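> Take a look at target13.cif, mmCIF, C-alpha atoms and all ligand atoms:
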data_input
loop_
_atom_site.group_PDB
_atom_site.id
_atom_site.type_symbol
_atom_site.label_atom_id
_atom_site.label_comp_id
_atom_site.auth_asym_id
_atom_site.auth_seq_id
_atom_site.Cartn_x
_atom_site.Cartn_y
_atom_site.Cartn_z
ATOM 1 C CA MET O 2 140.244 121.435 -50.880
ATOM 2 C CA GLY O 3 138.379 118.332 -52.116
ATOM 3 C CA ARG O 4 135.079 118.305 -53.916
ATOM 4 C CA PRO O 5 132.029 119.079 -51.761
ATOM 5 C CA ILE O 6 129.719 116.148 -51.029
ATOM 6 C CA ALA O 7 125.952 116.022 -51.535
ATOM 7 C CA LEU O 8 123.879 113.294 -49.890
ATOM 8 C CA VAL O 9 120.672 112.523 -51.793
ATOM 9 C CA THR O 10 118.029 110.208 -50.323
ATOM 10 C CA GLY O 11 115.779 108.419 -52.779
ATOM 11 C CA ALA O 12 118.488 108.607 -55.431
ATOM 12 C CA SER O 13 117.427 105.328 -57.081
ATOM 13 C CA SER O 14 114.586 106.951 -59.035
ATOM 14 C CA GLY O 15 112.732 110.089 -60.095
ATOM 15 C CA PHE O 16 113.637 113.472 -58.620
ATOM 16 C CA GLY O 17 116.426 112.020 -56.448
ATOM 17 C CA ALA O 18 118.337 110.648 -59.445
ATOM 18 C CA GLY O 19 117.838 114.029 -61.148
ATOM 19 C CA PHE O 20 119.246 115.911 -58.147
ATOM 20 C CA ALA O 21 122.239 113.551 -57.996
ATOM 21 C CA ARG O 22 123.038 114.108 -61.689
ATOM 22 C CA ARG O 23 122.822 117.877 -61.263
ATOM 23 C CA PHE O 24 125.015 117.972 -58.146
ATOM 24 C CA ALA O 25 127.605 115.860 -60.001
ATOM 25 C CA ALA O 26 127.507 118.288 -62.933
ATOM 26 C CA GLU O 27 128.012 121.155 -60.447
ATOM 27 C CA GLY O 28 131.246 119.584 -59.146
ATOM 28 C CA TYR O 29 130.000 117.608 -56.126
ATOM 29 C CA ASP O 30 130.729 114.042 -55.130
ATOM 30 C CA LEU O 31 127.626 112.153 -54.059
ATOM 31 C CA VAL O 32 126.363 109.916 -51.307
ATOM 32 C CA LEU O 33 123.543 107.930 -52.883
ATOM 33 C CA VAL O 34 120.896 106.521 -50.539
ATOM 34 C CA ALA O 35 117.848 104.289 -51.186
ATOM 35 C CA ARG O 36 117.000 100.615 -50.807
ATOM 36 C CA ARG O 37 117.647 99.459 -54.396
ATOM 37 C CA GLU O 38 121.407 99.099 -54.408
ATOM 38 C CA ASP O 39 121.630 97.976 -58.066
ATOM 39 C CA ARG O 40 120.043 101.250 -59.183
ATOM 40 C CA LEU O 41 122.386 103.280 -56.978
ATOM 41 C CA ARG O 42 125.426 101.440 -58.370
ATOM 42 C CA ALA O 43 124.313 102.067 -61.959
ATOM 43 C CA LEU O 44 123.877 105.765 -61.122
ATOM 44 C CA ALA O 45 127.302 105.923 -59.456
ATOM 45 C CA ASP O 46 128.840 104.439 -62.645
ATOM 46 C CA GLU O 47 127.067 107.077 -64.717
ATOM 47 C CA LEU O 48 128.217 109.907 -62.411
ATOM 48 C CA ALA O 49 131.818 108.706 -62.686
ATOM 49 C CA GLY O 50 131.550 109.832 -66.314
ATOM 50 C CA LEU O 51 131.015 113.365 -64.976
ATOM 51 C CA GLY O 52 134.108 113.070 -62.768
ATOM 52 C CA ALA O 53 132.084 112.533 -59.587
ATOM 53 C CA THR O 54 132.545 109.799 -57.019
ATOM 54 C CA GLY O 55 129.248 108.221 -56.000
ATOM 55 C CA HIS O 56 129.355 106.585 -52.579
ATOM 56 C CA VAL O 57 126.602 103.984 -52.531
ATOM 57 C CA LEU O 58 125.037 103.612 -49.081
ATOM 58 C CA PRO O 59 121.886 101.492 -49.331
ATOM 59 C CA ALA O 60 119.481 102.052 -46.441
ATOM 60 C CA ASP O 61 115.866 101.407 -45.571
ATOM 61 C CA LEU O 62 114.853 104.766 -44.138
ATOM 62 C CA SER O 63 111.581 103.422 -42.760
ATOM 63 C CA THR O 64 113.439 101.818 -39.848
ATOM 64 C CA PRO O 65 115.443 103.347 -36.972
ATOM 65 C CA ASP O 66 118.225 100.840 -37.783
ATOM 66 C CA GLY O 67 118.316 102.030 -41.397
ATOM 67 C CA ILE O 68 118.782 105.648 -40.320
ATOM 68 C CA ALA O 69 121.323 104.807 -37.620
ATOM 69 C CA GLY O 70 123.242 102.510 -39.993
ATOM 70 C CA LEU O 71 123.477 105.245 -42.590
ATOM 71 C CA LEU O 72 124.836 107.741 -40.038
ATOM 72 C CA THR O 73 127.360 105.155 -38.821
ATOM 73 C CA GLN O 74 128.551 104.555 -42.401
ATOM 74 C CA LEU O 75 129.004 108.280 -42.974
ATOM 75 C CA SER O 76 131.082 108.607 -39.858
ATOM 76 C CA GLU O 77 133.149 105.434 -40.475
ATOM 77 C CA GLN O 78 133.887 106.486 -44.052
ATOM 78 C CA ARG O 79 134.630 110.044 -42.868
ATOM 79 C CA LEU O 80 132.126 111.516 -45.291
ATOM 80 C CA ARG O 81 131.348 115.089 -44.269
ATOM 81 C CA ILE O 82 128.236 116.375 -45.953
ATOM 82 C CA ASP O 83 127.999 119.826 -47.568
ATOM 83 C CA ALA O 84 124.544 119.403 -49.110
ATOM 84 C CA LEU O 85 121.694 117.264 -47.779
ATOM 85 C CA VAL O 86 118.760 116.497 -50.068
ATOM 86 C CA ASN O 87 115.915 114.834 -48.162
ATOM 87 C CA ASN O 88 113.978 113.557 -51.132
ATOM 88 C CA ALA O 89 113.013 109.934 -50.334
ATOM 89 C CA GLY O 90 109.301 109.582 -49.799
ATOM 90 C CA PHE O 91 106.076 108.015 -50.971
ATOM 91 C CA GLY O 92 102.331 108.531 -50.807
ATOM 92 C CA THR O 93 99.284 106.433 -49.992
ATOM 93 C CA TYR O 94 95.804 106.912 -51.443
ATOM 94 C CA GLY O 95 92.421 106.103 -49.943
ATOM 95 C CA ILE O 96 90.211 107.191 -47.073
ATOM 96 C CA PHE O 97 92.022 107.182 -43.755
ATOM 97 C CA VAL O 98 89.852 104.565 -42.050
ATOM 98 C CA GLU O 99 90.647 102.057 -44.798
ATOM 99 C CA GLN O 100 94.387 102.643 -44.925
ATOM 100 C CA ASP O 101 96.766 99.868 -43.849
ATOM 101 C CA PRO O 102 98.170 100.903 -40.444
ATOM 102 C CA ALA O 103 101.569 99.335 -41.192
ATOM 103 C CA ARG O 104 101.861 101.251 -44.465
ATOM 104 C CA ILE O 105 100.876 104.528 -42.722
ATOM 105 C CA ALA O 106 103.603 103.940 -40.132
ATOM 106 C CA GLU O 107 106.138 103.386 -42.923
ATOM 107 C CA GLU O 108 104.981 106.535 -44.717
ATOM 108 C CA ILE O 109 105.449 108.654 -41.590
ATOM 109 C CA ALA O 110 108.797 106.966 -40.897
ATOM 110 C CA VAL O 111 110.241 107.776 -44.330
ATOM 111 C CA ASN O 112 108.586 111.123 -45.086
ATOM 112 C CA VAL O 113 108.826 112.595 -41.570
ATOM 113 C CA THR O 114 111.056 110.694 -39.140
ATOM 114 C CA ALA O 115 113.981 109.906 -41.449
ATOM 115 C CA LEU O 116 113.971 113.432 -42.878
ATOM 116 C CA THR O 117 113.912 114.943 -39.399
ATOM 117 C CA MET O 118 116.605 112.726 -37.908
ATOM 118 C CA LEU O 119 118.964 113.048 -40.891
ATOM 119 C CA THR O 120 118.515 116.806 -40.804
ATOM 120 C CA ARG O 121 119.160 116.941 -37.066
ATOM 121 C CA ALA O 122 122.233 114.704 -37.301
ATOM 122 C CA LEU O 123 123.809 116.458 -40.281
ATOM 123 C CA LEU O 124 122.809 120.083 -39.650
ATOM 124 C CA PRO O 125 125.978 120.871 -37.657
ATOM 125 C CA GLN O 126 128.058 119.723 -40.658
ATOM 126 C CA LEU O 127 125.909 121.698 -43.073
ATOM 127 C CA LEU O 128 126.265 124.816 -40.933
ATOM 128 C CA ALA O 129 130.038 124.326 -40.740
ATOM 129 C CA ALA O 130 130.366 123.859 -44.517
ATOM 130 C CA PRO O 131 131.543 126.909 -46.474
ATOM 131 C CA ALA O 132 128.409 126.850 -48.647
ATOM 132 C CA GLY O 133 126.049 124.322 -47.065
ATOM 133 C CA ILE O 134 122.699 123.348 -48.538
ATOM 134 C CA LEU O 135 119.627 121.786 -46.941
ATOM 135 C CA LEU O 136 117.069 120.914 -49.599
ATOM 136 C CA ASN O 137 113.883 119.191 -48.478
ATOM 137 C CA VAL O 138 111.304 117.870 -50.925
ATOM 138 C CA SER O 139 107.691 118.377 -49.873
ATOM 139 C CA SER O 140 104.787 118.664 -52.329
ATOM 140 C CA THR O 141 101.967 120.935 -53.423
ATOM 141 C CA ALA O 142 99.984 118.602 -51.112
ATOM 142 C CA SER O 143 101.652 120.431 -48.221
ATOM 143 C CA TYR O 144 99.522 123.516 -48.855
ATOM 144 C CA GLN O 145 96.112 122.067 -47.950
ATOM 145 C CA PRO O 146 94.655 119.103 -46.090
ATOM 146 C CA GLY O 147 94.069 116.225 -48.524
ATOM 147 C CA PRO O 148 90.966 114.069 -48.262
ATOM 148 C CA ASN O 149 91.978 110.629 -49.660
ATOM 149 C CA ILE O 150 95.643 111.512 -49.193
ATOM 150 C CA SER O 151 95.285 112.591 -45.570
ATOM 151 C CA VAL O 152 98.492 111.086 -44.228
ATOM 152 C CA TYR O 153 100.581 111.983 -47.271
ATOM 153 C CA ALA O 154 99.435 115.632 -47.241
ATOM 154 C CA ALA O 155 100.011 115.843 -43.484
ATOM 155 C CA THR O 156 103.550 114.436 -43.786
ATOM 156 C CA LYS O 157 104.351 116.965 -46.492
ATOM 157 C CA ALA O 158 102.904 119.862 -44.448
ATOM 158 C CA TYR O 159 105.283 118.748 -41.697
ATOM 159 C CA VAL O 160 108.221 118.816 -44.137
ATOM 160 C CA ARG O 161 107.319 122.307 -45.273
ATOM 161 C CA PHE O 162 106.827 123.681 -41.757
ATOM 162 C CA LEU O 163 110.013 122.106 -40.406
ATOM 163 C CA THR O 164 112.079 123.362 -43.330
ATOM 164 C CA GLU O 165 110.666 126.879 -43.241
ATOM 165 C CA ALA O 166 111.397 127.117 -39.498
ATOM 166 C CA ILE O 167 114.995 125.950 -40.048
ATOM 167 C CA TRP O 168 115.302 128.496 -42.881
ATOM 168 C CA GLN O 169 114.518 131.235 -40.372
ATOM 169 C CA GLU O 170 116.796 129.769 -37.705
ATOM 170 C CA SER O 171 119.690 129.604 -40.187
ATOM 171 C CA LYS O 172 119.527 133.268 -41.185
ATOM 172 C CA GLY O 173 122.910 134.937 -40.882
ATOM 173 C CA THR O 174 124.774 131.664 -41.568
ATOM 174 C CA PRO O 175 126.184 130.551 -44.944
ATOM 175 C CA LEU O 176 123.679 127.672 -45.020
ATOM 176 C CA ARG O 177 121.029 127.822 -47.736
ATOM 177 C CA VAL O 178 117.778 126.119 -46.754
ATOM 178 C CA LEU O 179 115.008 125.413 -49.242
ATOM 179 C CA ASN O 180 111.683 123.588 -49.201
ATOM 180 C CA ILE O 181 110.873 122.593 -52.780
ATOM 181 C CA ALA O 182 107.231 121.687 -53.416
ATOM 182 C CA PRO O 183 106.735 119.786 -56.682
ATOM 183 C CA GLY O 184 103.419 119.216 -58.400
ATOM 184 C CA PRO O 185 102.517 115.876 -59.995
ATOM 185 C CA SER O 186 105.174 114.220 -62.110
ATOM 186 C CA GLN O 187 105.604 110.955 -64.006
ATOM 187 C CA THR O 188 108.226 109.353 -61.809
ATOM 188 C CA GLU O 189 107.570 105.999 -60.111
ATOM 189 C CA PHE O 190 105.577 107.843 -57.447
ATOM 190 C CA PHE O 191 102.020 106.936 -58.542
ATOM 191 C CA ALA O 192 102.951 103.310 -59.312
ATOM 192 C CA VAL O 193 104.360 102.986 -55.775
ATOM 193 C CA ALA O 194 101.192 104.603 -54.361
ATOM 194 C CA GLY O 195 99.120 102.087 -56.338
ATOM 195 C CA SER O 196 96.823 104.832 -57.637
ATOM 196 C CA ASP O 197 96.802 107.586 -60.199
ATOM 197 C CA ALA O 198 93.706 109.167 -58.609
ATOM 198 C CA PHE O 199 95.656 111.937 -56.922
ATOM 199 C CA ASN O 200 97.629 112.781 -60.055
ATOM 200 C CA VAL O 201 95.986 116.217 -60.190
ATOM 201 C CA GLY O 202 97.388 119.652 -60.890
ATOM 202 C CA GLN O 203 99.861 121.014 -63.405
ATOM 203 C CA GLN O 204 102.188 118.240 -64.599
ATOM 204 C CA ILE O 205 105.859 118.966 -64.103
ATOM 205 C CA THR O 206 109.094 117.121 -64.887
ATOM 206 C CA THR O 207 112.138 116.136 -62.864
ATOM 207 C CA GLU O 208 114.062 118.752 -64.830
ATOM 208 C CA ASP O 209 111.543 121.435 -63.696
ATOM 209 C CA VAL O 210 112.069 120.455 -60.044
ATOM 210 C CA VAL O 211 115.850 120.328 -60.230
ATOM 211 C CA SER O 212 116.253 123.546 -62.196
ATOM 212 C CA LEU O 213 113.909 125.578 -59.978
ATOM 213 C CA ALA O 214 115.709 124.331 -56.848
ATOM 214 C CA PHE O 215 119.143 125.136 -58.266
ATOM 215 C CA SER O 216 118.105 128.532 -59.535
ATOM 216 C CA GLU O 217 116.718 129.419 -56.090
ATOM 217 C CA LEU O 218 119.871 128.124 -54.385
ATOM 218 C CA ALA O 219 122.027 130.136 -56.799
ATOM 219 C CA LYS O 220 120.127 133.248 -55.656
ATOM 220 C CA GLY O 221 120.954 132.376 -52.037
ATOM 221 C CA ALA O 222 117.623 130.719 -51.139
ATOM 222 C CA LYS O 223 116.128 134.096 -50.274
ATOM 223 C CA ARG O 224 112.715 132.450 -50.036
ATOM 224 C CA PRO O 225 112.087 129.454 -47.745
ATOM 225 C CA SER O 226 109.809 127.636 -50.188
ATOM 226 C CA ARG O 227 109.300 127.318 -53.924
ATOM 227 C CA ILE O 228 106.389 125.573 -55.641
ATOM 228 C CA VAL O 229 107.180 123.939 -58.971
ATOM 229 C CA GLY O 230 104.864 125.101 -61.773
ATOM 230 C CA ARG O 231 103.080 128.444 -61.999
ATOM 231 C CA GLY O 232 99.626 126.821 -62.072
ATOM 232 C CA ASN O 233 100.499 124.768 -59.006
ATOM 233 C CA ALA O 234 101.785 127.855 -57.205
ATOM 234 C CA PHE O 235 98.577 129.706 -57.989
ATOM 235 C CA GLN O 236 96.408 126.862 -56.706
ATOM 236 C CA ALA O 237 98.484 126.461 -53.532
ATOM 237 C CA MET O 238 98.269 130.166 -52.757
ATOM 238 C CA ALA O 239 94.506 130.216 -53.415
ATOM 239 C CA ALA O 240 94.086 127.280 -51.015
ATOM 240 C CA ARG O 241 95.984 129.159 -48.323
ATOM 241 C CA PHE O 242 93.592 132.075 -48.382
ATOM 242 C CA ALA O 243 90.282 130.233 -48.954
ATOM 243 C CA PRO O 244 88.110 129.029 -46.060
ATOM 244 C CA THR O 245 89.122 125.511 -44.988
ATOM 245 C CA LYS O 246 85.640 124.080 -45.677
ATOM 246 C CA LEU O 247 85.846 125.269 -49.277
ATOM 247 C CA THR O 248 89.400 124.005 -49.721
ATOM 248 C CA LEU O 249 88.396 120.595 -48.383
ATOM 249 C CA SER O 250 85.401 120.370 -50.672
ATOM 250 C CA VAL O 251 87.412 121.358 -53.766
ATOM 251 C CA ALA O 252 90.172 118.916 -52.815
ATOM 252 C CA ASP O 253 87.625 116.137 -52.253
ATOM 253 C CA LYS O 254 86.267 116.682 -55.776
ATOM 254 C CA GLN O 255 89.736 116.800 -57.306
ATOM 255 C CA LEU O 256 90.972 113.785 -55.428
ATOM 256 C CA GLY O 257 88.122 111.670 -56.555
ATOM 257 C CA ARG O 258 85.337 111.249 -53.989
ATOM 258 C CA GLU O 259 82.619 113.816 -54.675
HETATM 259 N N1 LIG F 301 106.118 112.489 -58.460
HETATM 260 C C1 LIG F 301 105.233 113.283 -57.900
HETATM 261 O O1 LIG F 301 104.130 113.464 -58.417
HETATM 262 C C2 LIG F 301 105.591 114.047 -56.632
HETATM 263 C C3 LIG F 301 104.933 115.260 -56.395
HETATM 264 C C4 LIG F 301 105.245 115.982 -55.253
HETATM 265 C C5 LIG F 301 106.214 115.502 -54.379
HETATM 266 N N2 LIG F 301 106.839 114.319 -54.637
HETATM 267 C C6 LIG F 301 107.862 113.874 -53.675
HETATM 268 O O2 LIG F 301 109.105 113.779 -54.340
HETATM 269 C C7 LIG F 301 109.943 112.849 -53.662
HETATM 270 C C8 LIG F 301 110.559 111.916 -54.689
HETATM 271 O O3 LIG F 301 109.523 111.164 -55.284
HETATM 272 P P1 LIG F 301 109.547 110.723 -56.810
HETATM 273 O O4 LIG F 301 108.414 111.389 -57.488
HETATM 274 O O5 LIG F 301 110.901 110.851 -57.398
HETATM 275 O O6 LIG F 301 109.104 109.177 -56.626
HETATM 276 P P2 LIG F 301 109.863 107.816 -56.916
HETATM 277 O O7 LIG F 301 110.313 107.772 -58.336
HETATM 278 O O8 LIG F 301 108.929 106.742 -56.442
HETATM 279 O O9 LIG F 301 111.147 107.882 -55.962
HETATM 280 C C9 LIG F 301 111.050 107.730 -54.569
HETATM 281 C C10 LIG F 301 112.422 107.464 -53.982
HETATM 282 O O10 LIG F 301 112.292 107.298 -52.559
HETATM 283 C C11 LIG F 301 113.002 106.144 -52.165
HETATM 284 N N3 LIG F 301 112.423 105.503 -50.995
HETATM 285 C C12 LIG F 301 111.124 105.137 -50.795
HETATM 286 N N4 LIG F 301 111.009 104.460 -49.650
HETATM 287 C C13 LIG F 301 112.248 104.377 -49.105
HETATM 288 C C14 LIG F 301 112.780 103.754 -47.944
HETATM 289 N N5 LIG F 301 112.005 103.058 -47.092
HETATM 290 N N6 LIG F 301 114.107 103.865 -47.702
HETATM 291 C C15 LIG F 301 114.904 104.553 -48.551
HETATM 292 N N7 LIG F 301 114.465 105.133 -49.680
HETATM 293 C C16 LIG F 301 113.154 105.040 -49.955
HETATM 294 C C17 LIG F 301 112.917 105.208 -53.379
HETATM 295 O O11 LIG F 301 114.028 104.302 -53.372
HETATM 296 P P3 LIG F 301 113.944 102.721 -53.133
HETATM 297 O O12 LIG F 301 112.591 102.254 -53.556
HETATM 298 O O13 LIG F 301 115.066 102.184 -53.982
HETATM 299 O O14 LIG F 301 114.205 102.563 -51.681
HETATM 300 C C18 LIG F 301 113.053 106.204 -54.528
HETATM 301 O O15 LIG F 301 114.405 106.435 -54.821
HETATM 302 C C19 LIG F 301 109.056 112.143 -52.622
HETATM 303 O O16 LIG F 301 109.311 112.687 -51.345
HETATM 304 C C20 LIG F 301 107.638 112.493 -53.072
HETATM 305 O O17 LIG F 301 106.727 112.542 -52.000
HETATM 306 C C21 LIG F 301 106.563 113.590 -55.748
#
Please express the file's structure as structure tokens.
Ligand SMILES: NC(=O)c1ccc[n+]([C@@H]2O[C@H](COP(=O)([O-])OP(=O)(O)OC[C@H]3O[C@@H](n4cnc5c(N)ncnc54)[C@H](OP(=O)(O)O)[C@@H]3O)[C@@H](O)[C@H]2O)c1

Amino acid sequence: MGRPIALVTGASSGFGAGFARRFAAEGYDLVLVARREDRLRALADELAGLGATGHVLPADLSTPDGIAGLLTQLSEQRLRIDALVNNAGFGTYGIFVEQDPARIAEEIAVNVTALTMLTRALLPQLLAAPAGILLNVSSTASYQPGPNISVYAATKAYVRFLTEAIWQESKGTPLRVLNIAPGPSQTEFFAVAGSDAFNVGQQITTEDVVSLAFSELAKGAKRPSRIVGRGNAFQAMAARFAPTKLTLSVADKQLGRE
């Protein structure tokens, strides 16, 4: 039997590159997806040092053609996926009425549509794999509505809900499904968002995200979701049980408007 294959979206930076390195160290070959091909090629060269083959499949996941093209490449290259990591994503900051409609559409396309369609297309393969993994990256922002990050928080709530439902639907199969919800981290995320104003909560590292996800997967993903950072987990749980008006007011203060 050959090495299992993990497909990581958003592998050109941040958490995605960290996941790719860890899967390679665990004996997987990789399919590396993002727009910046030079970064993916450099990562593939690095992973070769760990004995892993890195298949570089550049794709713009904000477009239907980008998603379809990626799926076509997988099928043409006969790459069957054992582990899917839907990690590509970005955030936008500012009050909803002032947000650029085109940028909102792109945010929903990458964070929601691409994640959903890749999951739907590859789930049969993941379920057929001897030890399949579906790992979706949401955020602590998925645990409460976010004034000033309204669209971002809503996309991440979608990721969490979708993943948790699939976790339940996959019970009794060998597939391990996990929603991992990181807190703020110094990747390229806030530079891409063009604002540091929503960099609130307990700071965590890429290593924290990757190691919590792998430790949960090693235990069989008995829980559908894990929040990275104890402080972040506490705040997310408090938000779940507080009245919505209070949660919104606290979030508004934290996210910079009140
Ligand atoms: N850092 C944080 O504070 C934080 C906290 C909670 C959750 N998250 C989530 O963690 C995930 C990873 O973010 P990160 O922190 O590692 O940020 P990052 O360093 O900015 O990485 C984002 C990745 O997504 C890819 N991506 C963005 N748009 C894309 C597109 N249209 N097509 C294909 N790939 C695209 C980027 O690749 P290209 O630009 O090369 O295409 C990049 O590899 C995201 O889903 C984010 O929402 C981050």
> Kindly compile the residues surrounding ligand LIG 301 (chain F) within 7 Å, counting only C-alpha atoms and all ligand atoms, and format them as a PyMOL selection string.
chain O and resi 10-17+34-37+60-63+88-92+111-112+138-141+182-191+193+200
> Please produce a file of those selected residues containing C-alpha atoms, as a CSV table (one decimal), in the frame of the given file.

chain,number,residue,atom,x,y,z
O,10,THR,CA,118.0,110.2,-50.3
O,11,GLY,CA,115.8,108.4,-52.8
O,12,ALA,CA,118.5,108.6,-55.4
O,13,SER,CA,117.4,105.3,-57.1
O,14,SER,CA,114.6,107.0,-59.0
O,15,GLY,CA,112.7,110.1,-60.1
O,16,PHE,CA,113.6,113.5,-58.6
O,17,GLY,CA,116.4,112.0,-56.4
O,34,VAL,CA,120.9,106.5,-50.5
O,35,ALA,CA,117.8,104.3,-51.2
O,36,ARG,CA,117.0,100.6,-50.8
O,37,ARG,CA,117.6,99.5,-54.4
O,60,ALA,CA,119.5,102.1,-46.4
O,61,ASP,CA,115.9,101.4,-45.6
O,62,LEU,CA,114.9,104.8,-44.1
O,63,SER,CA,111.6,103.4,-42.8
O,88,ASN,CA,114.0,113.6,-51.1
O,89,ALA,CA,113.0,109.9,-50.3
O,90,GLY,CA,109.3,109.6,-49.8
O,91,PHE,CA,106.1,108.0,-51.0
O,92,GLY,CA,102.3,108.5,-50.8
O,111,VAL,CA,110.2,107.8,-44.3
O,112,ASN,CA,108.6,111.1,-45.1
O,138,VAL,CA,111.3,117.9,-50.9
O,139,SER,CA,107.7,118.4,-49.9
O,140,SER,CA,104.8,118.7,-52.3
O,141,THR,CA,102.0,120.9,-53.4
O,182,ALA,CA,107.2,121.7,-53.4
O,183,PRO,CA,106.7,119.8,-56.7
O,184,GLY,CA,103.4,119.2,-58.4
O,185,PRO,CA,102.5,115.9,-60.0
O,186,SER,CA,105.2,114.2,-62.1
O,187,GLN,CA,105.6,111.0,-64.0
O,188,THR,CA,108.2,109.4,-61.8
O,189,GLU,CA,107.6,106.0,-60.1
O,190,PHE,CA,105.6,107.8,-57.4
O,191,PHE,CA,102.0,106.9,-58.5
O,193,VAL,CA,104.4,103.0,-55.8
O,200,ASN,CA,97.6,112.8,-60.1
> Quick one: which residues end up in the PyMOL selection byres (((chain O and resi 98) around 12) and not hetatm) for this structure, as an NGL selection string?
:O and (94-97 or 99-102 or 105 or 148-152)
> Write out as a VMD selection string which residues come within 12 Å of range 67-71 of chain O when counting only C-alpha atoms, dropping same-chain ones fewer than 2 positions away.
chain O and resid 8 10 32 to 36 56 to 65 73 to 78 80 110 to 111 114 to 123
> Got time to write the residues from that selection, C-alpha atoms, as a PDB file, in the frame of the given file?

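Result saved to selection.pdb:
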ATOM      1  CA  LEU O   8     123.879 113.294 -49.890  1.00  0.00           C
ATOM      2  CA  THR O  10     118.029 110.208 -50.323  1.00  0.00           C
ATOM      3  CA  VAL O  32     126.363 109.916 -51.307  1.00  0.00           C
ATOM      4  CA  LEU O  33     123.543 107.930 -52.883  1.00  0.00           C
ATOM      5  CA  VAL O  34     120.896 106.521 -50.539  1.00  0.00           C
ATOM      6  CA  ALA O  35     117.848 104.289 -51.186  1.00  0.00           C
ATOM      7  CA  ARG O  36     117.000 100.615 -50.807  1.00  0.00           C
ATOM      8  CA  HIS O  56     129.355 106.585 -52.579  1.00  0.00           C
ATOM      9  CA  VAL O  57     126.602 103.984 -52.531  1.00  0.00           C
ATOM     10  CA  LEU O  58     125.037 103.612 -49.081  1.00  0.00           C
ATOM     11  CA  PRO O  59     121.886 101.492 -49.331  1.00  0.00           C
ATOM     12  CA  ALA O  60     119.481 102.052 -46.441  1.00  0.00           C
ATOM     13  CA  ASP O  61     115.866 101.407 -45.571  1.00  0.00           C
ATOM     14  CA  LEU O  62     114.853 104.766 -44.138  1.00  0.00           C
ATOM     15  CA  SER O  63     111.581 103.422 -42.760  1.00  0.00           C
ATOM     16  CA  THR O  64     113.439 101.818 -39.848  1.00  0.00           C
ATOM     17  CA  PRO O  65     115.443 103.347 -36.972  1.00  0.00           C
ATOM     18  CA  THR O  73     127.360 105.155 -38.821  1.00  0.00           C
ATOM     19  CA  GLN O  74     128.551 104.555 -42.401  1.00  0.00           C
ATOM     20  CA  LEU O  75     129.004 108.280 -42.974  1.00  0.00           C
ATOM     21  CA  SER O  76     131.082 108.607 -39.858  1.00  0.00           C
ATOM     22  CA  GLU O  77     133.149 105.434 -40.475  1.00  0.00           C
ATOM     23  CA  GLN O  78     133.887 106.486 -44.052  1.00  0.00           C
ATOM     24  CA  LEU O  80     132.126 111.516 -45.291  1.00  0.00           C
ATOM     25  CA  ALA O 110     108.797 106.966 -40.897  1.00  0.00           C
ATOM     26  CA  VAL O 111     110.241 107.776 -44.330  1.00  0.00           C
ATOM     27  CA  THR O 114     111.056 110.694 -39.140  1.00  0.00           C
ATOM     28  CA  ALA O 115     113.981 109.906 -41.449  1.00  0.00           C
ATOM     29  CA  LEU O 116     113.971 113.432 -42.878  1.00  0.00           C
ATOM     30  CA  THR O 117     113.912 114.943 -39.399  1.00  0.00           C
ATOM     31  CA  MET O 118     116.605 112.726 -37.908  1.00  0.00           C
ATOM     32  CA  LEU O 119     118.964 113.048 -40.891  1.00  0.00           C
ATOM     33  CA  THR O 120     118.515 116.806 -40.804  1.00  0.00           C
ATOM     34  CA  ARG O 121     119.160 116.941 -37.066  1.00  0.00           C
ATOM     35  CA  ALA O 122     122.233 114.704 -37.301  1.00  0.00           C
ATOM     36  CA  LEU O 123     123.809 116.458 -40.281  1.00  0.00           C
TER      37      LEU O 123
END
> Using Å and a single decimal, report how far CA of Leu72 in chain O sits from CA of Met2 in chain O.
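Separation between CA of Met2 in chain O and CA of Leu72 in chain O: 23.3 Å.
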> With distances taken over all atoms listed in the file, which of O:Ala53, O:Ala192, O:Leu135, O:Leu44 is nearest to Pro5 in chain O?
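Closest candidate: O:Ala53.
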> Applied to this file, what does the PyMOL selection byres (((chain O and resi 124) around 12) and not hetatm) return in terms of residues, put as a ChimeraX atom specification?
/O:81-86,116-123,125-130,133-136,164,167-168,170-171,174,176-178
